[in-house]
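target12.cif (mmCIF, C-alpha atoms)
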data_structure
loop_
_atom_site.group_PDB
_atom_site.id
_atom_site.type_symbol
_atom_site.label_atom_id
_atom_site.label_comp_id
_atom_site.auth_asym_id
_atom_site.auth_seq_id
_atom_site.Cartn_x
_atom_site.Cartn_y
_atom_site.Cartn_z
ATOM 1 C CA LYS E 293 73.098 32.864 -9.481
ATOM 2 C CA GLN E 294 76.732 32.600 -10.616
ATOM 3 C CA ALA E 295 75.532 32.577 -14.228
ATOM 4 C CA ALA E 296 73.536 35.757 -13.575
ATOM 5 C CA THR E 297 76.683 37.450 -12.242
ATOM 6 C CA LEU E 298 78.660 36.469 -15.341
ATOM 7 C CA TYR E 299 75.925 37.802 -17.635
ATOM 8 C CA ALA E 300 75.925 41.089 -15.699
ATOM 9 C CA ARG E 301 79.664 41.462 -16.287
ATOM 10 C CA GLU E 302 79.203 40.635 -19.969
ATOM 11 C CA ALA E 303 76.498 43.293 -20.330
ATOM 12 C CA LYS E 304 78.728 45.944 -18.762
ATOM 13 C CA ALA E 305 81.740 45.008 -20.906
ATOM 14 C CA SER E 306 79.954 45.037 -24.255
ATOM 15 C CA ALA E 307 79.488 48.126 -26.394
ATOM 16 C CA ASN E 308 77.136 46.335 -28.797
ATOM 17 C CA ASP E 309 73.430 46.876 -28.146
ATOM 18 C CA ASP E 310 72.428 43.377 -29.274
ATOM 19 C CA ALA E 311 75.094 41.801 -27.100
ATOM 20 C CA VAL E 312 74.037 43.939 -24.129
ATOM 21 C CA ALA E 313 70.393 42.989 -24.638
ATOM 22 C CA THR E 314 71.212 39.280 -24.912
ATOM 23 C CA ALA E 315 73.402 39.376 -21.813
ATOM 24 C CA ARG E 316 70.739 41.184 -19.789
ATOM 25 C CA LEU E 317 68.000 38.822 -20.916
ATOM 26 C CA ASN E 318 70.163 35.822 -20.037
ATOM 27 C CA ARG E 319 70.897 37.352 -16.660
ATOM 28 C CA GLY E 320 67.175 37.756 -15.985
ATOM 29 C CA ARG E 321 66.506 34.149 -16.967
ATOM 30 C CA SER E 322 69.282 32.948 -14.686
ATOM 31 C CA LEU E 323 67.868 34.942 -11.799
ATOM 32 C CA VAL E 324 64.426 33.399 -12.315
ATOM 33 C CA ALA E 325 65.997 29.931 -12.413
ATOM 34 C CA ALA E 326 67.844 30.742 -9.173
ATOM 35 C CA GLN E 327 64.567 31.963 -7.627
ATOM 36 C CA GLU E 328 66.004 35.457 -7.153
ATOM 37 C CA PHE E 329 62.653 36.869 -8.168
ATOM 38 C CA ALA E 330 62.970 40.455 -6.923
ATOM 39 C CA GLU E 331 66.200 41.036 -8.822
ATOM 40 C CA ALA E 332 64.866 39.135 -11.834
ATOM 41 C CA ALA E 333 61.845 41.461 -11.956
ATOM 42 C CA ARG E 334 64.121 44.497 -11.809
ATOM 43 C CA VAL E 335 66.325 43.195 -14.639
ATOM 44 C CA MET E 336 63.402 42.211 -16.863
ATOM 45 C CA SER E 337 61.603 45.518 -16.284
ATOM 46 C CA ALA E 338 64.761 47.387 -17.311
ATOM 47 C CA PHE E 339 65.110 45.197 -20.408
ATOM 48 C CA ILE E 340 61.541 45.957 -21.496
ATOM 49 C CA ARG E 341 62.082 49.682 -20.871
ATOM 50 C CA ASP E 342 65.368 49.839 -22.795
ATOM 51 C CA PHE E 343 64.594 47.353 -25.589
ATOM 52 C CA PRO E 344 60.788 47.434 -26.095
ATOM 53 C CA GLU E 345 61.024 46.393 -29.759
ATOM 54 C CA HIS E 346 63.668 43.718 -29.288
ATOM 55 C CA PRO E 347 62.715 40.336 -30.841
ATOM 56 C CA ASP E 348 63.006 38.740 -27.393
ATOM 57 C CA ALA E 349 60.937 41.368 -25.554
ATOM 58 C CA GLY E 350 58.088 38.848 -25.352
ATOM 59 C CA GLN E 351 60.362 36.466 -23.463
ATOM 60 C CA ALA E 352 61.326 39.248 -21.062
ATOM 61 C CA ARG E 353 57.662 40.053 -20.436
ATOM 62 C CA ALA E 354 56.926 36.384 -19.786
ATOM 63 C CA HIS E 355 59.769 36.029 -17.282
ATOM 64 C CA LEU E 356 58.652 39.251 -15.614
ATOM 65 C CA VAL E 357 55.183 37.761 -15.078
ATOM 66 C CA ILE E 358 56.736 34.715 -13.403
ATOM 67 C CA ALA E 359 59.018 36.830 -11.212
ATOM 68 C CA LEU E 360 56.145 39.049 -10.065
ATOM 69 C CA SER E 361 53.781 36.149 -9.446
ATOM 70 C CA ARG E 362 56.338 34.296 -7.313
ATOM 71 C CA GLN E 363 56.557 37.401 -5.120
ATOM 72 C CA ASP E 364 52.744 37.412 -4.773
ATOM 73 C CA GLN E 365 52.533 40.689 -6.700
ATOM 74 C CA CYS E 366 49.519 39.269 -8.454
ATOM 75 C CA GLU E 367 47.722 42.398 -9.620
ATOM 76 C CA GLU E 368 50.887 43.679 -11.289
ATOM 77 C CA ALA E 369 51.579 40.223 -12.747
ATOM 78 C CA LEU E 370 48.101 40.136 -14.273
ATOM 79 C CA LYS E 371 48.637 43.572 -15.832
ATOM 80 C CA ARG E 372 51.887 42.315 -17.314
ATOM 81 C CA VAL E 373 50.167 39.233 -18.728
ATOM 82 C CA GLU E 374 47.820 41.536 -20.639
ATOM 83 C CA ALA E 375 50.871 43.378 -22.003
ATOM 84 C CA ILE E 376 52.072 40.217 -23.779
ATOM 85 C CA SER E 377 50.618 40.313 -27.276
ATOM 86 C CA ALA E 378 49.022 37.230 -28.808
ATOM 87 C CA THR E 379 51.872 37.165 -31.353
ATOM 88 C CA ASP E 380 54.537 37.259 -28.652
ATOM 89 C CA LEU E 381 52.703 34.639 -26.596
ATOM 90 C CA GLY E 382 52.445 32.297 -29.564
ATOM 91 C CA ALA E 383 56.142 32.728 -30.312
ATOM 92 C CA LEU E 384 57.235 31.711 -26.811
ATOM 93 C CA ASP E 385 58.819 28.381 -26.100
ATOM 94 C CA PRO E 386 55.902 26.043 -25.141
ATOM 95 C CA GLU E 387 57.276 25.457 -21.653
ATOM 96 C CA LEU E 388 57.579 29.203 -20.993
ATOM 97 C CA ARG E 389 54.123 29.887 -22.430
ATOM 98 C CA GLN E 390 52.621 27.204 -20.180
ATOM 99 C CA ALA E 391 54.454 28.643 -17.168
ATOM 100 C CA VAL E 392 52.917 32.052 -17.885
ATOM 101 C CA THR E 393 49.449 30.494 -18.163
ATOM 102 C CA TYR E 394 49.951 28.720 -14.841
ATOM 103 C CA GLU E 395 51.132 31.879 -13.078
ATOM 104 C CA LYS E 396 48.177 33.764 -14.541
ATOM 105 C CA ALA E 397 45.819 31.151 -13.081
ATOM 106 C CA TRP E 398 47.598 31.329 -9.719
ATOM 107 C CA CYS E 399 47.212 35.114 -9.623
ATOM 108 C CA LEU E 400 43.571 35.006 -10.684
ATOM 109 C CA ARG E 401 42.905 32.557 -7.880
ATOM 110 C CA GLY E 402 44.703 34.820 -5.414
ATOM 111 C CA ALA E 403 42.616 37.753 -6.604
ATOM 112 C CA GLY E 404 39.411 35.847 -5.907
ATOM 113 C CA ARG E 405 38.592 35.344 -9.585
ATOM 114 C CA ALA E 406 38.104 31.598 -9.234
ATOM 115 C CA ASP E 407 36.126 30.992 -12.441
ATOM 116 C CA GLN E 408 38.728 32.754 -14.582
ATOM 117 C CA ALA E 409 41.495 30.867 -12.785
ATOM 118 C CA ALA E 410 39.724 27.586 -13.540
ATOM 119 C CA ASP E 411 39.392 28.526 -17.214
ATOM 120 C CA SER E 412 43.139 29.231 -17.419
ATOM 121 C CA LEU E 413 43.991 25.909 -15.760
ATOM 122 C CA LYS E 414 41.646 24.019 -18.099
ATOM 123 C CA ALA E 415 43.293 25.717 -21.077
ATOM 124 C CA LEU E 416 46.691 24.658 -19.753
ATOM 125 C CA LEU E 417 45.548 21.053 -19.303
ATOM 126 C CA ASP E 418 44.241 20.989 -22.880
ATOM 127 C CA GLU E 419 47.786 21.135 -24.246
ATOM 128 C CA PRO E 420 50.802 18.896 -23.632
ATOM 129 C CA SER E 421 52.936 20.088 -20.722
ATOM 130 C CA ASN E 422 55.655 18.728 -18.486
ATOM 131 C CA ASN E 423 54.524 16.284 -15.823
ATOM 132 C CA GLU E 424 55.257 18.501 -12.809
ATOM 133 C CA LEU E 425 53.464 21.581 -14.150
ATOM 134 C CA ASN E 426 50.545 19.411 -15.248
ATOM 135 C CA ALA E 427 50.342 17.909 -11.750
ATOM 136 C CA HIS E 428 50.268 21.339 -10.099
ATOM 137 C CA ALA E 429 47.575 22.495 -12.535
ATOM 138 C CA ILE E 430 45.353 19.469 -11.832
ATOM 139 C CA LEU E 431 45.737 19.911 -8.072
ATOM 140 C CA ASP E 432 44.934 23.632 -8.248
ATOM 141 C CA LEU E 433 41.897 23.017 -10.456
ATOM 142 C CA ALA E 434 40.668 20.312 -8.083
ATOM 143 C CA ILE E 435 41.019 22.698 -5.131
ATOM 144 C CA LEU E 436 38.950 25.301 -6.985
ATOM 145 C CA GLU E 437 36.285 22.699 -7.755
ATOM 146 C CA ALA E 438 36.196 21.480 -4.145
ATOM 147 C CA ASP E 439 36.009 25.038 -2.800
ATOM 148 C CA ALA E 440 32.956 25.525 -5.027
ATOM 149 C CA SER E 441 31.440 22.336 -3.506
ATOM 150 C CA ARG E 442 31.877 20.471 -6.799
ATOM 151 C CA HIS E 443 33.309 17.501 -4.944
ATOM 152 C CA GLU E 444 32.607 14.900 -7.630
ATOM 153 C CA SER E 445 34.475 16.910 -10.258
ATOM 154 C CA ALA E 446 37.350 17.504 -7.832
ATOM 155 C CA ALA E 447 37.554 13.820 -6.911
ATOM 156 C CA GLN E 448 37.702 12.805 -10.578
ATOM 157 C CA LEU E 449 40.578 15.207 -11.211
ATOM 158 C CA LEU E 450 42.479 13.979 -8.161
ATOM 159 C CA ARG E 451 41.938 10.319 -9.065
ATOM 160 C CA LYS E 452 43.279 11.059 -12.534
ATOM 161 C CA LEU E 453 46.350 12.662 -10.962
ATOM 162 C CA ILE E 454 47.059 10.038 -8.297
ATOM 163 C CA ASP E 455 46.201 6.913 -10.300
ATOM 164 C CA SER E 456 47.929 7.919 -13.534
ATOM 165 C CA PRO E 457 51.124 6.075 -14.572
ATOM 166 C CA GLU E 458 53.053 9.214 -13.590
ATOM 167 C CA GLY E 459 51.211 9.485 -10.270
ATOM 168 C CA LYS E 460 53.952 7.847 -8.224
ATOM 169 C CA THR E 461 56.593 10.196 -9.620
ATOM 170 C CA ILE E 462 54.855 13.519 -9.015
ATOM 171 C CA PRO E 463 56.519 15.700 -6.362
ATOM 172 C CA ALA E 464 55.636 15.059 -2.722
ATOM 173 C CA THR E 465 54.523 18.702 -2.522
ATOM 174 C CA VAL E 466 51.720 17.745 -4.939
ATOM 175 C CA ARG E 467 50.962 14.136 -3.996
ATOM 176 C CA GLU E 468 50.555 14.823 -0.271
ATOM 177 C CA PRO E 469 47.892 17.573 -0.580
ATOM 178 C CA ALA E 470 46.278 15.674 -3.471
ATOM 179 C CA LEU E 471 45.713 12.630 -1.245
ATOM 180 C CA TYR E 472 44.300 14.824 1.508
ATOM 181 C CA ARG E 473 41.990 16.692 -0.854
ATOM 182 C CA LEU E 474 40.848 13.404 -2.372
ATOM 183 C CA GLY E 475 40.064 12.079 1.097
ATOM 184 C CA THR E 476 38.036 15.163 2.007
ATOM 185 C CA CYS E 477 36.116 15.078 -1.286
ATOM 186 C CA GLU E 478 35.278 11.384 -0.901
ATOM 187 C CA PHE E 479 34.206 12.071 2.694
ATOM 188 C CA GLU E 480 31.896 14.882 1.568
ATOM 189 C CA LEU E 481 30.455 12.519 -1.039
ATOM 190 C CA GLU E 482 29.868 9.949 1.752
ATOM 191 C CA ARG E 483 32.146 7.435 0.018
ATOM 192 C CA TYR E 484 33.776 6.572 3.295
ATOM 193 C CA GLY E 485 35.720 3.528 2.097
ATOM 194 C CA SER E 486 37.504 5.572 -0.554
ATOM 195 C CA ALA E 487 38.013 8.423 1.922
ATOM 196 C CA SER E 488 39.686 6.183 4.493
ATOM 197 C CA SER E 489 41.966 4.698 1.803
ATOM 198 C CA ALA E 490 43.171 8.146 0.733
ATOM 199 C CA PHE E 491 43.780 9.298 4.300
ATOM 200 C CA GLU E 492 45.612 6.078 5.207
ATOM 201 C CA GLU E 493 47.841 6.344 2.137
ATOM 202 C CA LEU E 494 48.790 9.876 3.178
ATOM 203 C CA ILE E 495 49.528 8.725 6.743
ATOM 204 C CA ASN E 496 51.698 5.837 5.531
ATOM 205 C CA SER E 497 53.474 7.743 2.761
ATOM 206 C CA PHE E 498 54.108 11.013 4.612
ATOM 207 C CA PRO E 499 54.718 10.220 8.299
ATOM 208 C CA GLN E 500 56.026 13.751 8.959
ATOM 209 C CA SER E 501 53.096 15.500 7.295
ATOM 210 C CA GLU E 502 51.456 18.478 8.957
ATOM 211 C CA LEU E 503 48.188 16.910 7.821
ATOM 212 C CA LEU E 504 48.591 13.777 9.979
ATOM 213 C CA ALA E 505 46.207 14.789 12.770
ATOM 214 C CA SER E 506 43.429 15.734 10.369
ATOM 215 C CA SER E 507 44.046 12.688 8.153
ATOM 216 C CA ALA E 508 43.961 10.300 11.110
ATOM 217 C CA TYR E 509 40.819 11.914 12.513
ATOM 218 C CA TYR E 510 38.914 11.706 9.249
ATOM 219 C CA ALA E 511 40.137 8.177 8.588
ATOM 220 C CA GLY E 512 38.614 7.327 11.954
ATOM 221 C CA GLU E 513 35.425 9.218 11.113
ATOM 222 C CA SER E 514 35.191 7.338 7.823
ATOM 223 C CA TYR E 515 35.389 3.965 9.563
ATOM 224 C CA PHE E 516 32.959 5.168 12.246
ATOM 225 C CA ASN E 517 30.440 6.127 9.560
ATOM 226 C CA LEU E 518 30.896 2.703 7.977
ATOM 227 C CA GLY E 519 30.071 1.079 11.310
ATOM 228 C CA GLN E 520 33.599 -0.367 11.510
ATOM 229 C CA PHE E 521 34.224 0.855 15.022
ATOM 230 C CA GLY E 522 37.168 -1.435 15.731
ATOM 231 C CA ALA E 523 38.976 -0.053 12.683
ATOM 232 C CA ALA E 524 38.189 3.517 13.783
ATOM 233 C CA ILE E 525 39.689 3.139 17.269
ATOM 234 C CA PRO E 526 43.435 3.263 16.363
ATOM 235 C CA PHE E 527 42.968 6.468 14.377
ATOM 236 C CA PHE E 528 41.075 8.311 17.091
ATOM 237 C CA GLU E 529 43.548 7.000 19.648
ATOM 238 C CA ARG E 530 46.457 8.285 17.573
ATOM 239 C CA VAL E 531 45.000 11.788 17.356
ATOM 240 C CA ALA E 532 44.143 11.850 21.060
ATOM 241 C CA THR E 533 47.576 10.659 22.204
ATOM 242 C CA GLU E 534 49.972 12.074 19.591
ATOM 243 C CA HIS E 535 48.119 15.257 18.674
ATOM 244 C CA GLY E 536 46.258 16.072 21.863
ATOM 245 C CA ASP E 537 47.010 19.783 21.522
ATOM 246 C CA ASP E 538 45.518 19.881 18.042
ATOM 247 C CA SER E 539 42.023 21.312 17.633
ATOM 248 C CA LEU E 540 40.887 17.783 16.750
ATOM 249 C CA GLY E 541 42.354 16.278 19.934
ATOM 250 C CA ALA E 542 39.206 16.693 22.046
ATOM 251 C CA PRO E 543 36.745 15.533 19.325
ATOM 252 C CA ALA E 544 38.991 12.511 18.706
ATOM 253 C CA LEU E 545 38.914 11.606 22.398
ATOM 254 C CA LEU E 546 35.114 11.805 22.366
ATOM 255 C CA ARG E 547 34.894 9.630 19.256
ATOM 256 C CA LEU E 548 37.386 7.204 20.794
ATOM 257 C CA GLY E 549 35.110 6.774 23.808
ATOM 258 C CA GLU E 550 32.097 6.250 21.555
ATOM 259 C CA SER E 551 33.932 3.724 19.377
ATOM 260 C CA LEU E 552 35.148 1.743 22.388
ATOM 261 C CA ALA E 553 31.600 1.672 23.733
ATOM 262 C CA LYS E 554 30.309 0.387 20.399
ATOM 263 C CA VAL E 555 32.602 -2.660 20.687
ATOM 264 C CA GLN E 556 31.684 -3.013 24.380
ATOM 265 C CA ARG E 557 35.087 -2.144 25.760
ATOM 266 C CA TRP E 558 33.466 -0.383 28.674
ATOM 267 C CA ARG E 559 36.379 0.461 30.941
ATOM 268 C CA PRO E 560 38.612 2.015 28.243
ATOM 269 C CA SER E 561 35.536 3.841 27.012
ATOM 270 C CA GLU E 562 34.928 5.306 30.466
ATOM 271 C CA ARG E 563 38.568 6.426 30.717
ATOM 272 C CA ALA E 564 38.283 8.184 27.354
ATOM 273 C CA PHE E 565 35.269 10.145 28.621
ATOM 274 C CA MET E 566 36.932 11.128 31.883
#
Just dump the structure as structure tokens.
Amino acid sequence: KQAATLYAREAKASANDDAVATARLNRGRSLVAAQEFAEAARVMSAFIRDFPEHPDAGQARAHLVIALSRQDQCEEALKRVEAISATDLGALDPELRQAVTYEKAWCLRGAGRADQAADSLKALLDEPSNNELNAHAILDLAILEADASRHESAAQLLRKLIDSPEGKTIPATVREPALYRLGTCEFELERYGSASSAFEELINSFPQSELLASSAYYAGESYFNLGQFGAAIPFFERVATEHGDDSLGAPALLRLGESLAKVQRWRPSERAFM
């Protein structure tokens, strides 16, 4: 943000159009980097208005797309994507071009255009990109596949993400939901051993996760479906005792009673049903 302030002063002090344009573009970039997206959008829109033929106008349009998308102004962001010519898009730095493609996919998904969003994500994954952006793209594509009940395809994508050499270094904001989504896909595919492994890894790796109750419940359900009732008990017990107010609290208590009965622990089973 400090850099953006300095560029603003430079733009005001200069009488040279090229210097003004460069300073304003740099200010917009700095604002995007500082996640000051509303001001970044204002600066980039003004740049495009005042310097539409500038050699770096394509960069300004690209940064404007990012700034709009991050404010969930998706329809406007998609219009701005269409305003970037193929020539300008090809001339962008690869990292910036990939960021625009990702934001386009995000906005298409938000607009309910899932198939087009998937196509954009697949196009992004077809070219080299930085590890973090690639990880987000794989996760988003897997979510789209799972939402369309293509659980096998989603599971393959998530396995590729989690089990890759870079899998341990991807951000927690990606790895945590990826493990959960993998667990749910494996559960839907009735591969309960793989499902329980994914849920348990999430529980052990992210003890403060908001997904703990659901992960513990479905880990228990996975073991229950495998007939491993003793292994299921601690998970149902955890949900019932630590997350009793959760919507899964009551079902977990019921399953706990059933699991205890299966291993002939009659008295604890009766207490669970009471």
Taking the file as shown, what set of residues would the PyMOL selection byres ((chain E and resi 454-461) around 12) give back, as a CSV table (one decimal) with C-alpha atoms, in the coordinates of the input?
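Contents of out_5.csv, freshly written:
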chain,number,residue,atom,x,y,z
E,422,ASN,CA,55.7,18.7,-18.5
E,423,ASN,CA,54.5,16.3,-15.8
E,424,GLU,CA,55.3,18.5,-12.8
E,426,ASN,CA,50.5,19.4,-15.2
E,427,ALA,CA,50.3,17.9,-11.8
E,428,HIS,CA,50.3,21.3,-10.1
E,430,ILE,CA,45.4,19.5,-11.8
E,431,LEU,CA,45.7,19.9,-8.1
E,447,ALA,CA,37.6,13.8,-6.9
E,448,GLN,CA,37.7,12.8,-10.6
E,449,LEU,CA,40.6,15.2,-11.2
E,450,LEU,CA,42.5,14.0,-8.2
E,451,ARG,CA,41.9,10.3,-9.1
E,452,LYS,CA,43.3,11.1,-12.5
E,453,LEU,CA,46.4,12.7,-11.0
E,462,ILE,CA,54.9,13.5,-9.0
E,463,PRO,CA,56.5,15.7,-6.4
E,464,ALA,CA,55.6,15.1,-2.7
E,465,THR,CA,54.5,18.7,-2.5
E,466,VAL,CA,51.7,17.7,-4.9
E,467,ARG,CA,51.0,14.1,-4.0
E,468,GLU,CA,50.6,14.8,-0.3
E,469,PRO,CA,47.9,17.6,-0.6
E,470,ALA,CA,46.3,15.7,-3.5
E,471,LEU,CA,45.7,12.6,-1.2
E,472,TYR,CA,44.3,14.8,1.5
E,473,ARG,CA,42.0,16.7,-0.9
E,474,LEU,CA,40.8,13.4,-2.4
E,475,GLY,CA,40.1,12.1,1.1
E,490,ALA,CA,43.2,8.1,0.7
E,493,GLU,CA,47.8,6.3,2.1
E,494,LEU,CA,48.8,9.9,3.2
E,497,SER,CA,53.5,7.7,2.8
Please determine, counting all atoms listed in the file, which residue among E:Glu395, E:Met566, E:Leu518, E:Phe528 has the shortest atom-to-atom distance to Asp364 (chain E).
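Among the listed residues, the smallest separation from Asp364 (chain E) belongs to E:Glu395.
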Using all atoms listed in the file, which residue out of E:Asp385, E:Glu534, E:Asp418, E:Asp432 lies closest to Asp348 (chain E)?
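Answer, going by the shortest atom-to-atom distance: E:Asp385.
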For a quick check of understanding, using all atoms listed in the file, which of E:Asp538, E:Glu502, E:Glu345, E:Glu513 has the smallest distance to Ser488 (chain E)?
E:Glu513
Å distance separating CA of Glu492 (chain E) from CA of Arg559 (chain E), one decimal place
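A separation of 27.9 Å between them.
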Do you have the CA of Ala397 (chain E)-CA of Leu436 (chain E) distance handy?
10.9 Å
To one decimal place in Å, what is the distance between CA of Ala440 (chain E) and CA of Leu416 (chain E)?
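Separation of CA of Ala440 (chain E) and CA of Leu416 (chain E): 20.2 Å.
Closest approach to Gly382 (chain E) among E:Ala354, E:Cys477, E:Ala409, E:Leu552: E:Ala354, based on all atoms listed in the file.
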Name the residues in contact with region 553-556 of chain E at a cut-off of 12 Å, using all atoms listed in the file, excluding same-chain residues fewer than 2 positions from it; report them as a PDB file with C-alpha atoms, in the frame of the given file.
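Okay, selection.pdb is ready:
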ATOM      1  CA  PHE E 516      32.959   5.168  12.246  1.00  0.00           C
ATOM      2  CA  GLY E 519      30.071   1.079  11.310  1.00  0.00           C
ATOM      3  CA  GLN E 520      33.599  -0.367  11.510  1.00  0.00           C
ATOM      4  CA  PHE E 521      34.224   0.855  15.022  1.00  0.00           C
ATOM      5  CA  GLY E 522      37.168  -1.435  15.731  1.00  0.00           C
ATOM      6  CA  ALA E 523      38.976  -0.053  12.683  1.00  0.00           C
ATOM      7  CA  ALA E 524      38.189   3.517  13.783  1.00  0.00           C
ATOM      8  CA  ILE E 525      39.689   3.139  17.269  1.00  0.00           C
ATOM      9  CA  LEU E 546      35.114  11.805  22.366  1.00  0.00           C
ATOM     10  CA  ARG E 547      34.894   9.630  19.256  1.00  0.00           C
ATOM     11  CA  LEU E 548      37.386   7.204  20.794  1.00  0.00           C
ATOM     12  CA  GLY E 549      35.110   6.774  23.808  1.00  0.00           C
ATOM     13  CA  GLU E 550      32.097   6.250  21.555  1.00  0.00           C
ATOM     14  CA  SER E 551      33.932   3.724  19.377  1.00  0.00           C
ATOM     15  CA  TRP E 558      33.466  -0.383  28.674  1.00  0.00           C
ATOM     16  CA  ARG E 559      36.379   0.461  30.941  1.00  0.00           C
ATOM     17  CA  PRO E 560      38.612   2.015  28.243  1.00  0.00           C
ATOM     18  CA  SER E 561      35.536   3.841  27.012  1.00  0.00           C
ATOM     19  CA  GLU E 562      34.928   5.306  30.466  1.00  0.00           C
ATOM     20  CA  ARG E 563      38.568   6.426  30.717  1.00  0.00           C
ATOM     21  CA  ALA E 564      38.283   8.184  27.354  1.00  0.00           C
ATOM     22  CA  PHE E 565      35.269  10.145  28.621  1.00  0.00           C
TER      23      PHE E 565
END
The PyMOL selection byres ((chain E and resi 505-511) around 6) on the file shown: which residues, as a list in words?
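So the PyMOL selection byres ((chain E and resi 505-511) around 6), applied here, picks out Ser488, Phe491, Leu503, Leu504, Gly512, Glu513, Ser514, Phe527, Phe528 and Val531 of chain E.
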Return as JSON the centre and edge lengths, in Å with one decimal, of the box along x, y and z that encloses every atom of region 438-446 of chain E in the file, padded by 6 Å per side.
{"center_x": 34.4, "center_y": 20.2, "center_z": -6.5, "size_x": 17.9, "size_y": 22.6, "size_z": 19.5}
Can you give me, as a list in words, the residues this file yields under the PyMOL selection byres ((chain E and resi 384) around 12)?
Pro347, Asp348, Ala349, Gly350, Gln351, Ala352, Arg353, Ala354, His355, Ile376, Ser377, Ala378, Thr379, Asp380, Leu381, Gly382, Ala383, Asp385, Pro386, Glu387, Leu388, Arg389, Gln390, Ala391, Val392 and Thr393 of chain E
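Among E:Ala359, E:Ala438, E:Leu425, E:Ala532, the residue with the shortest atom-to-atom distance to Gln327 (chain E), counting all atoms listed in the file, is E:Ala359.
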Proximity to Ser412 (chain E) - best of E:Cys399, E:Leu356, E:Gly485, E:Tyr394, all atoms listed in the file
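Using all atoms listed in the file, Ser412 (chain E) sits closest to E:Tyr394.
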